[in-house]
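File shown: upload-v6.txt. Contents: compact mmCIF, C-alpha atoms (C1' of nucleotides).
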# COMPACT_ATOMS: atom_id res chain seq x y z
CA MET A 226 19.50 8.20 46.13
CA GLN A 227 15.80 7.89 45.45
CA THR A 228 14.58 6.48 42.16
CA PHE A 229 11.78 9.00 41.91
CA THR A 230 11.37 12.38 43.56
CA ILE A 231 8.41 14.72 43.27
CA LYS A 232 9.44 18.35 42.74
CA HIS A 233 6.17 20.20 42.17
CA LYS A 234 2.54 19.40 42.79
CA ASP A 235 -0.32 21.16 41.11
CA LYS A 236 -2.69 22.67 43.64
CA LYS A 237 -5.95 21.98 41.82
CA THR A 238 -5.26 18.62 40.16
CA SER A 239 -3.06 15.58 40.72
CA ALA A 240 -0.60 16.82 38.10
CA ARG A 241 3.00 16.76 39.26
CA ILE A 242 6.58 17.27 38.17
CA GLY A 243 9.21 14.79 39.28
CA ILE A 244 12.69 13.49 38.66
CA LEU A 245 13.31 9.90 37.64
CA ASN A 246 16.81 8.66 38.35
CA THR A 247 18.25 6.00 36.06
CA LYS A 248 21.73 4.63 35.52
CA LYS A 249 21.96 6.84 32.46
CA GLY A 250 20.99 9.98 34.33
CA LYS A 251 18.02 11.98 35.49
CA ILE A 252 14.93 12.87 33.57
CA GLU A 253 12.17 15.26 34.49
CA THR A 254 8.61 13.93 34.46
CA PRO A 255 6.11 14.03 32.95
CA PHE A 256 7.60 13.04 29.62
CA PHE A 257 6.57 11.43 26.37
CA MET A 258 8.67 8.74 24.70
CA PRO A 259 8.77 8.35 20.94
CA VAL A 260 8.45 4.68 20.01
CA ALA A 261 11.69 3.30 18.59
CA THR A 262 10.76 -0.36 18.27
CA LYS A 263 13.85 -1.38 16.32
CA GLY A 264 16.21 1.20 17.73
CA THR A 265 14.95 4.20 15.80
CA ALA A 266 11.81 6.29 15.81
CA LYS A 267 11.02 5.65 12.16
CA TYR A 268 12.59 8.30 9.89
CA ILE A 269 13.93 10.18 12.93
CA SER A 270 17.66 10.29 13.72
CA THR A 271 19.26 10.52 17.15
CA GLU A 272 20.17 14.14 16.38
CA ASP A 273 16.50 14.82 15.66
CA LEU A 274 15.57 13.35 19.04
CA LYS A 275 18.13 15.58 20.76
CA GLN A 276 16.91 18.64 18.89
CA MET A 277 13.28 18.10 19.91
CA GLN A 278 14.41 17.36 23.48
CA ALA A 279 13.04 13.84 23.51
CA ASN A 280 14.99 12.71 26.54
CA ALA A 281 13.66 9.17 26.63
CA ILE A 282 12.59 6.64 24.01
CA ILE A 283 11.18 3.14 24.18
CA SER A 284 12.33 0.20 22.09
CA ASN A 285 11.05 -3.34 21.90
CA ALA A 286 13.18 -6.06 23.48
CA LEU A 287 11.41 -8.92 21.76
CA ILE A 288 11.69 -7.40 18.28
CA LEU A 289 15.32 -6.39 18.84
CA SER A 290 16.17 -9.88 20.06
CA LEU A 291 14.96 -11.24 16.71
CA ARG A 292 17.01 -8.75 14.72
CA PRO A 293 19.77 -7.75 15.10
CA GLY A 294 19.89 -9.96 18.22
CA THR A 295 21.14 -9.24 21.70
CA LYS A 296 24.69 -10.40 20.93
CA LEU A 297 25.35 -7.49 18.58
CA ILE A 298 23.69 -4.89 20.80
CA LYS A 299 25.63 -6.15 23.81
CA LYS A 300 28.92 -6.03 21.88
CA MET A 301 28.15 -2.48 20.79
CA GLY A 302 27.88 -1.45 24.42
CA GLY A 303 24.11 -1.62 24.80
CA LEU A 304 21.28 0.02 22.92
CA GLY A 305 22.06 3.59 24.03
CA LYS A 306 25.65 3.44 22.80
CA PHE A 307 24.62 1.54 19.66
CA MET A 308 22.27 4.40 18.78
CA ASN A 309 24.58 7.08 20.18
CA TYR A 310 21.56 8.28 22.11
CA PRO A 311 22.29 10.28 25.27
CA GLY A 312 18.77 10.02 26.69
CA ILE A 313 17.07 7.29 28.69
CA ASN A 314 16.36 4.01 26.94
CA PHE A 315 13.23 2.15 27.97
CA THR A 316 12.52 -1.30 26.60
CA ASP A 317 9.18 -2.98 26.34
CA SER A 318 9.05 -6.68 27.04
CA GLY A 319 7.06 -7.81 24.01
CA GLY A 320 3.90 -8.54 25.96
CA PHE A 321 2.12 -6.09 23.71
CA GLN A 322 2.96 -8.26 20.70
CA MET A 323 0.30 -10.66 21.96
CA TYR A 324 -2.11 -8.43 20.12
CA SER A 325 -0.28 -9.02 16.86
CA LYS A 326 -1.77 -11.97 15.01
CA GLN A 327 1.30 -11.97 12.79
CA ILE A 328 3.67 -13.16 15.49
CA TYR A 329 1.70 -14.25 18.54
CA LEU A 330 0.85 -17.94 18.70
CA LYS A 331 -0.26 -18.79 22.24
CA ALA A 332 0.52 -18.42 25.91
CA ASP A 333 0.35 -20.63 28.94
CA ASN A 334 1.35 -20.11 32.55
CA LYS A 335 5.02 -20.71 31.73
CA GLY A 336 5.36 -18.05 29.04
CA VAL A 337 4.44 -16.93 25.52
CA LEU A 338 4.98 -18.69 22.22
CA PHE A 339 5.77 -16.37 19.33
CA ARG A 340 6.57 -17.03 15.72
CA ASN A 341 9.72 -15.35 14.52
CA PRO A 342 8.37 -13.58 11.41
CA ILE A 343 11.85 -13.46 9.91
CA SER A 344 12.79 -17.13 10.09
CA GLY A 345 9.40 -18.69 10.76
CA GLU A 346 10.75 -20.56 13.79
CA LYS A 347 8.83 -20.69 17.02
CA ILE A 348 10.28 -18.96 20.07
CA PHE A 349 9.11 -19.49 23.60
CA ILE A 350 9.61 -16.46 25.84
CA THR A 351 9.51 -16.87 29.59
CA PRO A 352 9.65 -14.03 32.12
CA GLU A 353 13.26 -15.01 32.90
CA LYS A 354 14.29 -15.03 29.23
CA ASP A 355 12.65 -11.67 28.73
CA MET A 356 14.56 -10.15 31.65
CA GLN A 357 17.77 -11.64 30.28
CA ILE A 358 17.13 -10.04 26.89
CA GLN A 359 16.44 -6.63 28.38
CA LEU A 360 19.56 -6.83 30.57
CA GLU A 361 21.68 -7.75 27.54
CA ILE A 362 20.19 -4.91 25.52
CA ASN A 363 21.15 -2.85 28.57
CA SER A 364 18.24 -0.46 28.53
CA ASP A 365 17.87 1.86 31.50
CA VAL A 366 14.31 0.92 32.31
CA ALA A 367 12.83 -2.52 31.59
CA MET A 368 9.24 -3.72 31.53
CA CYS A 369 7.93 -6.96 32.95
CA LEU A 370 6.56 -9.54 30.57
CA ASP A 371 2.81 -9.13 30.87
CA SER A 372 -0.24 -10.80 29.41
CA MET A 373 -2.25 -8.16 27.61
CA PRO A 374 -5.93 -8.93 27.12
CA LEU A 375 -7.81 -7.37 24.23
CA TYR A 376 -10.73 -5.04 24.86
CA GLU A 377 -13.32 -7.44 23.48
CA GLU A 378 -12.24 -10.43 25.59
CA SER A 379 -14.57 -11.88 28.22
CA LYS A 380 -14.04 -10.95 31.82
CA LYS A 381 -13.09 -14.53 32.58
CA SER A 382 -10.37 -14.41 29.96
CA ILE A 383 -9.13 -11.01 31.20
CA LYS A 384 -9.00 -12.44 34.72
CA GLN A 385 -6.75 -15.21 33.47
CA SER A 386 -4.51 -12.60 31.84
CA VAL A 387 -4.31 -10.69 35.10
CA GLU A 388 -3.34 -13.81 36.99
CA LYS A 389 -0.62 -14.59 34.46
CA THR A 390 0.57 -10.99 34.57
CA ILE A 391 0.92 -11.18 38.35
CA MET A 392 2.65 -14.55 38.25
CA TRP A 393 5.08 -13.39 35.56
CA ALA A 394 5.74 -10.07 37.31
CA LYS A 395 6.88 -11.98 40.38
CA ARG A 396 9.21 -14.15 38.30
CA CYS A 397 10.54 -11.12 36.40
CA LYS A 398 11.25 -9.30 39.63
CA GLU A 399 13.00 -12.25 41.26
CA TYR A 400 15.17 -13.00 38.25
CA HIS A 401 15.95 -9.33 37.66
CA ASN A 402 17.00 -8.86 41.30
CA LYS A 403 19.13 -11.98 41.26
CA LYS A 404 20.96 -10.91 38.09
CA GLN A 405 21.69 -7.44 39.47
CA LYS A 406 22.47 -8.45 43.03
CA LYS A 407 26.08 -7.32 42.85
CA ILE A 408 25.32 -4.09 41.03
CA SER A 409 25.10 -0.83 42.97
CA GLN A 410 21.80 1.00 43.16
CA GLU A 411 23.04 3.74 40.80
CA LYS A 412 24.06 1.25 38.09
CA ARG A 413 20.95 -0.90 38.18
CA GLN A 414 18.53 -1.24 35.34
CA LEU A 415 15.10 -0.23 36.66
CA LEU A 416 12.10 -2.53 36.33
CA PHE A 417 8.46 -1.51 36.00
CA GLY A 418 5.50 -3.78 36.71
CA ILE A 419 2.51 -3.61 34.37
CA ILE A 420 -1.06 -3.42 35.62
CA GLN A 421 -3.65 -5.20 33.47
CA GLY A 422 -7.35 -5.91 33.95
CA GLY A 423 -9.15 -4.21 31.06
CA ILE A 424 -11.91 -1.88 32.16
CA HIS A 425 -12.82 -4.00 35.19
CA PRO A 426 -12.16 -2.15 38.46
CA ASP A 427 -11.94 -5.34 40.54
CA LEU A 428 -9.36 -6.93 38.21
CA ARG A 429 -7.28 -3.77 37.99
CA THR A 430 -7.41 -3.49 41.77
CA GLN A 431 -6.31 -7.08 42.21
CA CYS A 432 -3.43 -6.59 39.80
CA ALA A 433 -2.29 -3.26 41.23
CA GLU A 434 -2.41 -4.53 44.83
CA LYS A 435 -0.33 -7.60 44.03
CA LEU A 436 2.25 -5.64 42.06
CA LYS A 437 2.47 -3.05 44.80
CA GLU A 438 3.56 -5.77 47.22
CA MET A 439 6.45 -6.61 44.89
CA ASN A 440 7.81 -3.06 45.13
CA PHE A 441 8.69 -2.21 41.54
CA ASP A 442 10.67 0.87 40.56
CA GLY A 443 7.64 2.13 38.71
CA TYR A 444 4.20 1.02 37.57
CA SER A 445 2.80 0.88 34.09
CA ILE A 446 -0.87 0.86 33.25
CA GLY A 447 -1.23 -1.28 30.15
CA GLY A 448 -3.88 -2.46 27.76
CA PHE A 449 -5.39 0.84 26.62
CA GLY A 450 -5.87 2.41 23.23
CA LEU A 451 -7.61 -0.77 22.12
CA GLY A 452 -11.22 0.35 21.76
CA GLU A 453 -12.32 1.50 25.21
CA THR A 454 -13.69 5.01 25.69
CA ILE A 455 -11.58 7.77 27.20
CA LYS A 456 -13.97 7.84 30.13
CA GLU A 457 -13.44 4.13 30.82
CA GLU A 458 -9.71 4.58 30.43
CA PHE A 459 -9.30 7.39 32.94
CA LYS A 460 -11.62 5.82 35.48
CA ILE A 461 -9.12 2.96 35.60
CA VAL A 462 -6.15 5.36 35.66
CA GLU A 463 -7.64 7.07 38.71
CA LEU A 464 -8.22 3.73 40.37
CA CYS A 465 -4.63 2.59 39.79
CA LYS A 466 -3.30 5.92 41.02
CA SER A 467 -5.28 5.48 44.24
CA ILE A 468 -3.59 2.14 44.93
CA ILE A 469 0.02 2.77 43.85
CA PRO A 470 2.09 4.83 46.35
CA LYS A 471 2.50 8.48 45.41
CA ASN A 472 6.29 8.23 45.31
CA LYS A 473 6.28 5.73 42.44
CA PRO A 474 6.36 6.86 38.81
CA ILE A 475 3.29 5.96 36.78
CA TYR A 476 3.53 5.10 33.10
CA LEU A 477 0.42 5.02 30.92
CA MET A 478 1.54 2.70 28.17
CA GLY A 479 0.74 3.30 24.53
CA ILE A 480 -1.12 6.55 25.06
CA GLY A 481 -0.25 9.50 22.90
CA THR A 482 -3.06 11.75 21.70
CA PRO A 483 -2.68 15.31 22.98
CA ASN A 484 -5.89 15.21 24.97
CA GLU A 485 -5.17 11.84 26.57
CA ILE A 486 -1.68 13.00 27.56
CA LEU A 487 -3.13 16.06 29.27
CA GLU A 488 -5.91 14.00 30.89
CA GLY A 489 -3.21 11.67 32.15
CA ILE A 490 -0.97 14.44 33.47
CA GLU A 491 -3.95 15.91 35.28
CA ARG A 492 -4.37 12.60 37.11
CA GLY A 493 -0.72 12.26 38.04
CA VAL A 494 0.60 10.12 35.19
CA ASP A 495 4.35 10.70 34.71
CA ILE A 496 5.29 8.80 31.56
CA PHE A 497 3.69 8.25 28.17
CA ASP A 498 4.61 6.66 24.87
CA SER A 499 2.82 6.01 21.62
CA ARG A 500 3.39 5.21 18.01
CA MET A 501 0.54 7.65 17.29
CA PRO A 502 2.61 10.77 16.47
CA THR A 503 4.97 9.00 14.06
CA GLN A 504 2.54 6.58 12.49
CA ASN A 505 -0.06 9.27 12.08
CA ALA A 506 2.48 11.67 10.61
CA ARG A 507 3.47 9.17 7.93
CA ARG A 508 -0.21 8.82 7.06
CA GLY A 509 -0.87 12.53 6.83
CA GLY A 510 -2.28 13.27 10.29
CA LEU A 511 -0.57 16.27 11.89
CA PHE A 512 -0.96 17.72 15.36
CA THR A 513 -1.42 21.49 15.45
CA SER A 514 -2.39 24.15 17.96
CA LYS A 515 -5.81 24.13 16.27
CA GLY A 516 -6.32 20.37 16.41
CA LYS A 517 -5.56 17.58 14.01
CA LEU A 518 -4.72 18.54 10.44
CA LYS A 519 -5.50 15.99 7.73
CA LEU A 520 -2.88 16.93 5.23
CA TYR A 521 -4.12 14.59 2.48
CA ASN A 522 -7.27 16.68 2.10
CA LYS A 523 -7.32 18.48 -1.22
CA LYS A 524 -7.82 21.88 0.35
CA TYR A 525 -4.14 21.89 1.34
CA GLU A 526 -2.87 21.27 -2.18
CA PHE A 527 -1.79 24.89 -2.74
CA ASP A 528 -1.41 25.84 0.92
CA LYS A 529 1.71 27.92 1.52
CA LYS A 530 1.26 28.03 5.30
CA PRO A 531 3.36 25.98 7.71
CA LEU A 532 1.82 22.89 9.33
CA ASP A 533 1.16 24.98 12.43
CA LYS A 534 1.70 28.73 12.48
CA ASN A 535 2.17 28.60 16.26
CA CYS A 536 4.91 25.97 16.10
CA ASP A 537 8.59 26.86 16.21
CA CYS A 538 10.00 23.55 14.99
CA PHE A 539 12.39 23.62 12.04
CA VAL A 540 9.75 22.03 9.81
CA CYS A 541 7.22 24.76 10.47
CA LYS A 542 9.88 27.45 10.08
CA ASN A 543 10.97 26.19 6.68
CA TYR A 544 8.33 24.20 4.81
CA THR A 545 4.81 24.63 3.49
CA ARG A 546 1.84 22.31 3.88
CA ALA A 547 1.72 21.96 0.11
CA TYR A 548 5.30 20.68 -0.04
CA ILE A 549 4.99 18.20 2.84
CA ARG A 550 1.65 17.03 1.42
CA HIS A 551 3.29 16.41 -1.93
CA LEU A 552 6.14 14.46 -0.33
CA LEU A 553 3.79 12.32 1.77
CA LEU A 554 1.57 11.55 -1.21
CA GLN A 555 4.70 10.46 -3.07
CA LYS A 556 5.62 8.31 -0.06
CA GLU A 557 8.94 10.10 0.13
CA GLY A 558 11.09 9.44 3.17
CA THR A 559 11.84 13.14 3.57
CA GLY A 560 8.15 13.92 3.89
CA ARG A 561 7.80 11.23 6.53
CA ARG A 562 10.73 12.63 8.43
CA LEU A 563 9.42 16.21 8.36
CA ALA A 564 5.92 15.18 9.38
CA SER A 565 7.17 12.81 12.10
CA PHE A 566 9.54 15.42 13.45
CA HIS A 567 6.77 17.97 13.71
CA ASN A 568 4.35 15.64 15.48
CA LEU A 569 6.96 14.49 17.99
CA TYR A 570 8.08 18.07 18.54
CA TYR A 571 4.48 19.10 19.09
CA LEU A 572 4.07 16.59 21.92
CA GLN A 573 7.42 17.43 23.52
CA ARG A 574 6.51 21.10 23.46
CA LEU A 575 3.00 20.40 24.74
CA ILE A 576 4.46 18.67 27.78
CA ARG A 577 7.06 21.42 28.35
CA GLN A 578 4.20 23.91 28.36
CA ALA A 579 2.15 21.69 30.66
CA LYS A 580 5.02 21.61 33.14
CA GLN A 581 5.33 25.39 33.11
CA HIS A 582 1.64 25.64 33.85
CA ILE A 583 1.92 23.10 36.67
CA LYS A 584 4.61 25.31 38.22
CA LYS A 585 2.49 28.41 37.78
CA GLY A 586 -0.67 26.70 39.01
CA THR A 587 -2.53 27.22 35.75
CA PHE A 588 -2.47 23.66 34.42
CA ALA A 589 -6.24 23.08 34.46
CA LYS A 590 -6.87 26.16 32.38
CA PHE A 591 -4.11 25.23 29.96
CA LYS A 592 -5.48 21.72 29.52
CA LYS A 593 -8.92 23.07 28.76
CA SER A 594 -7.56 25.44 26.12
CA VAL A 595 -5.82 22.58 24.29
CA ILE A 596 -8.28 19.70 24.47
CA LYS A 597 -11.13 21.68 23.02
CA TYR A 598 -9.36 21.19 19.69
CA TYR A 599 -8.94 17.45 20.19
CA LYS A 600 -12.40 16.31 21.17
CA LYS A 601 -13.54 13.21 19.34
C1' G B 86 -4.80 4.45 -50.87
C1' C B 87 -5.17 -1.13 -49.76
C1' G B 88 -5.15 -5.04 -46.03
C1' A B 89 -5.17 -6.37 -40.99
C1' U B 90 -5.81 -4.74 -35.98
C1' U B 91 -7.70 -1.86 -31.63
C1' G B 92 -11.41 0.95 -28.94
C1' U B 93 -14.48 -0.34 -21.30
C1' G B 94 -13.74 5.19 -15.14
C1' G B 95 -7.71 9.58 -15.23
C1' U B 96 -4.33 5.14 -16.46
C1' A B 97 -3.99 -0.12 -17.00
C1' U B 98 -7.44 -4.04 -17.32
C1' A B 99 -11.79 -8.29 -16.60
C1' A B 100 -16.29 -10.51 -17.99
C1' C B 101 -20.88 -11.44 -20.38
C1' G B 102 -26.72 -11.71 -25.74
C1' G B 103 -30.20 -10.82 -19.70
C1' U B 104 -30.69 -6.97 -12.54
C1' U B 105 -26.70 -1.92 -9.58
C1' A B 106 -20.14 -3.89 -15.58
C1' U B 107 -14.57 -6.65 -12.54
C1' U B 108 -9.89 -5.55 -10.53
C1' A B 109 -5.51 -2.55 -9.62
C1' C B 110 -3.18 2.19 -9.37
C1' G B 111 -4.55 7.25 -9.16
C1' U B 112 -8.31 10.64 -7.10
C1' C B 113 -11.74 12.40 -2.95
C1' U B 114 -12.74 11.04 2.03
C1' G B 115 -12.84 8.57 7.27
C1' G B 116 -9.76 5.85 10.63
C1' U B 117 -4.97 5.23 13.03
C1' U B 118 -2.70 4.88 20.64
C1' G B 119 3.53 -0.28 24.93
C1' U B 120 4.70 -0.08 15.57
C1' G B 121 5.74 -6.83 11.05
C1' G B 122 6.21 -2.31 9.02
C1' U B 123 4.24 1.88 2.69
C1' C B 124 -1.78 0.07 7.19
C1' C B 125 -7.42 -0.46 7.23
C1' G B 126 -12.42 1.44 5.69
C1' G B 127 -15.93 4.40 2.54
C1' G B 128 -17.15 7.54 -1.95
C1' A B 129 -16.92 9.59 -7.05
C1' A B 130 -15.73 8.00 -11.69
C1' A B 131 -16.12 4.00 -17.92
C1' C B 132 -18.62 0.40 -22.48
C1' G B 133 -15.57 6.06 -29.10
C1' A B 134 -20.06 7.81 -32.26
C1' G B 135 -24.32 6.61 -35.27
C1' G B 136 -27.52 2.95 -37.31
C1' G B 137 -29.26 -2.28 -37.62
C1' U B 138 -30.54 -7.52 -35.81
C1' U B 139 -33.03 -9.00 -31.13
C1' C B 140 -38.13 -9.31 -26.25
C1' G B 141 -33.24 -7.46 -24.71
C1' A B 142 -26.57 -5.30 -27.48
C1' C B 143 -20.70 -3.23 -23.94
C1' U B 144 -21.08 -8.13 -26.38
C1' C B 145 -23.49 -9.89 -33.05
C1' C B 146 -23.79 -6.97 -38.03
C1' C B 147 -23.04 -2.25 -40.93
C1' U B 148 -21.16 2.83 -41.38
C1' U B 149 -17.97 6.38 -39.43
C1' C B 150 -14.12 7.96 -36.42
C1' U B 151 -9.88 6.08 -33.64
C1' U B 152 -5.20 2.92 -32.18
C1' U B 153 -1.36 -0.01 -33.93
C1' C B 154 1.11 -2.84 -37.75
C1' G B 155 2.19 -4.29 -42.77
C1' C B 156 2.11 -3.21 -48.13
C1' C B 157 2.13 0.28 -52.39
Before we go any further, please render this structure as structure tokens.
Amino acid sequence: MQTFTIKHKDKKTSARIGILNTKKGKIETPFFMPVATKGTAKYISTEDLKQMQANAIISNALILSLRPGTKLIKKMGGLGKFMNYPGINFTDSGGFQMYSKQIYLKADNKGVLFRNPISGEKIFITPEKDMQIQLEINSDVAMCLDSMPLYEESKKSIKQSVEKTIMWAKRCKEYHNKKQKKISQEKRQLLFGIIQGGIHPDLRTQCAEKLKEMNFDGYSIGGFGLGETIKEEFKIVELCKSIIPKNKPIYLMGIGTPNEILEGIERGVDIFDSRMPTQNARRGGLFTSKGKLKLYNKKYEFDKKPLDKNCDCFVCKNYTRAYIRHLLLQKEGTGRRLASFHNLYYLQRLIRQAKQHIKKGTFAKFKKSVIKYYKK
RNA sequence: GCGAUUGUGGUAUAACGGUUAUUACGUCUGGUUGUGGUCCGGGAAACGAGGGUUCGACUCCCUUCUUUCGCC
């Protein structure tokens, strides 16, 4: 059984539809994962995820290991059972938390030192420990511990991050293989390598080439959404795609605006995730078929229309802008749920539509008709 | 009626005889991309009224109105 199979290829672009096989089951690509850092997409229940057909989510292994801890999750049968979520559970390693001044302390070649924000104690995470955590959480797809450089860092510093990322990827892969040696292919947790290197083609190339040699189940492109332009971002995506074999799934980490998702799909990206739809929703930013709606603006105070008249989600079928605006301004949980549901639904539907257009050969035209509303 | 007390953006407050009067919430507005979290910017908006002292008054004095309390 192959981990990843391509089912359809777009004739004009690199867009494609595939099937990713995990121990939990199959999932059609491309797909977008809501971010469920602590085991829930904030304000969104597992039933909500099922209803919007979010068939994969990503949680954070590092954060979950701090609370509630891997012991509880393991005893509850793993994260999927704990949540009663039938879809695919991805976990992120915690490498991304290096951008968080609140918990990141420092890193050396051996691993990363974090401060546990709950207890204040220092915790040193090595690639091996990180793999152990993700195996105990029992997600279906794990991420390597990577070293994520910030956009403004010097090239020298980004180069050091890349070297650490490569070194750690090797250690993750070896430990992960060793721990799953006796497990059949169908029951294995998958492991993705993460390509770093900022906007520097030579560093991204170096990283992608080295990770390719290690033969991961899939490849993530990390370190975007941090200040670079969309042009810079997709130049690197194209470069990584040219290096990684076609039969490997590609995951563009952290990316979740409608236009970037479509730009990614066009270039053959298979997986996306972002806190954008939920975080933005809670702060009054709503995706619609006519672009972003800023619900806090006063002009919506008496607006009886749905968030998006072209949306068929339960929120748009039942509630007015005026009501959701009121709830959000009052910081009511219900408002956050309705807004978050709509935004996540919007992206799930956007990708369903994109896939239909890939099958029909009209993807490029479809993309153009959507992104004109989402230009910066 | 008598005595005391109070008056600063929508609300709650700060300071000072000397440029554009503080802060918070609210309000308007921009941001938000592998989530330590209900976040981060920017704007509009006030000295109760009238007179006096002074080079200069939101600040000191007087009158009036106002708030609150006590007494008859």
>> Which residues are near stretch 354-370 of chain A? Cut-off 8 Å, all atoms listed in the file, ignore same chain within fewer than 3 positions. Put them as an MDAnalysis selection string.
In response: chainID A and resid 247:249 286:287 290 295:296 298:299 303:305 313:320 350:351 390 393:394 397:398 400:401 413:419
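Atom CA of A:Lys517 is found 26.1 Å from atom CA of A:Glu272.
Picture a line from atom CA of A:Ser372 to atom CA of A:Tyr444; it runs 15.0 Å.
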> At most 10 Å from (-10.3, 1.3, 4.5), file frame, all atoms listed in the file: which residues, as an MDAnalysis selection string?
Replying inline: chainID B and resid 115:116 124:127
Quick one: contact table of chain A to chain B, 6 Å max, nearest atom pair and distance in Å to one decimal per residue, counting all atoms listed in the file, chain and number order, as JSON lines?
{"residue": "A:Gly450", "atom": "CA", "partner": "B:U118", "partner_atom": "C1'", "distance": 4.8}
{"residue": "A:Met478", "atom": "CA", "partner": "B:G119", "partner_atom": "C1'", "distance": 4.8}
{"residue": "A:Gly479", "atom": "CA", "partner": "B:G119", "partner_atom": "C1'", "distance": 4.6}
{"residue": "A:Ile480", "atom": "CA", "partner": "B:U118", "partner_atom": "C1'", "distance": 5.0}
{"residue": "A:Gly481", "atom": "CA", "partner": "B:U118", "partner_atom": "C1'", "distance": 5.7}
{"residue": "A:Ser499", "atom": "CA", "partner": "B:U118", "partner_atom": "C1'", "distance": 5.7}
{"residue": "A:Arg500", "atom": "CA", "partner": "B:U120", "partner_atom": "C1'", "distance": 6.0}
{"residue": "A:Met501", "atom": "CA", "partner": "B:U118", "partner_atom": "C1'", "distance": 5.4}
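By chain and then residue number, the residues within 8 Å of A:Glu253 are Ile242, Gly243, Ile244, Leu245 and Phe256 of chain A, counting only C-alpha atoms (C1' of nucleotides) and disregarding those fewer than 3 positions away in sequence.
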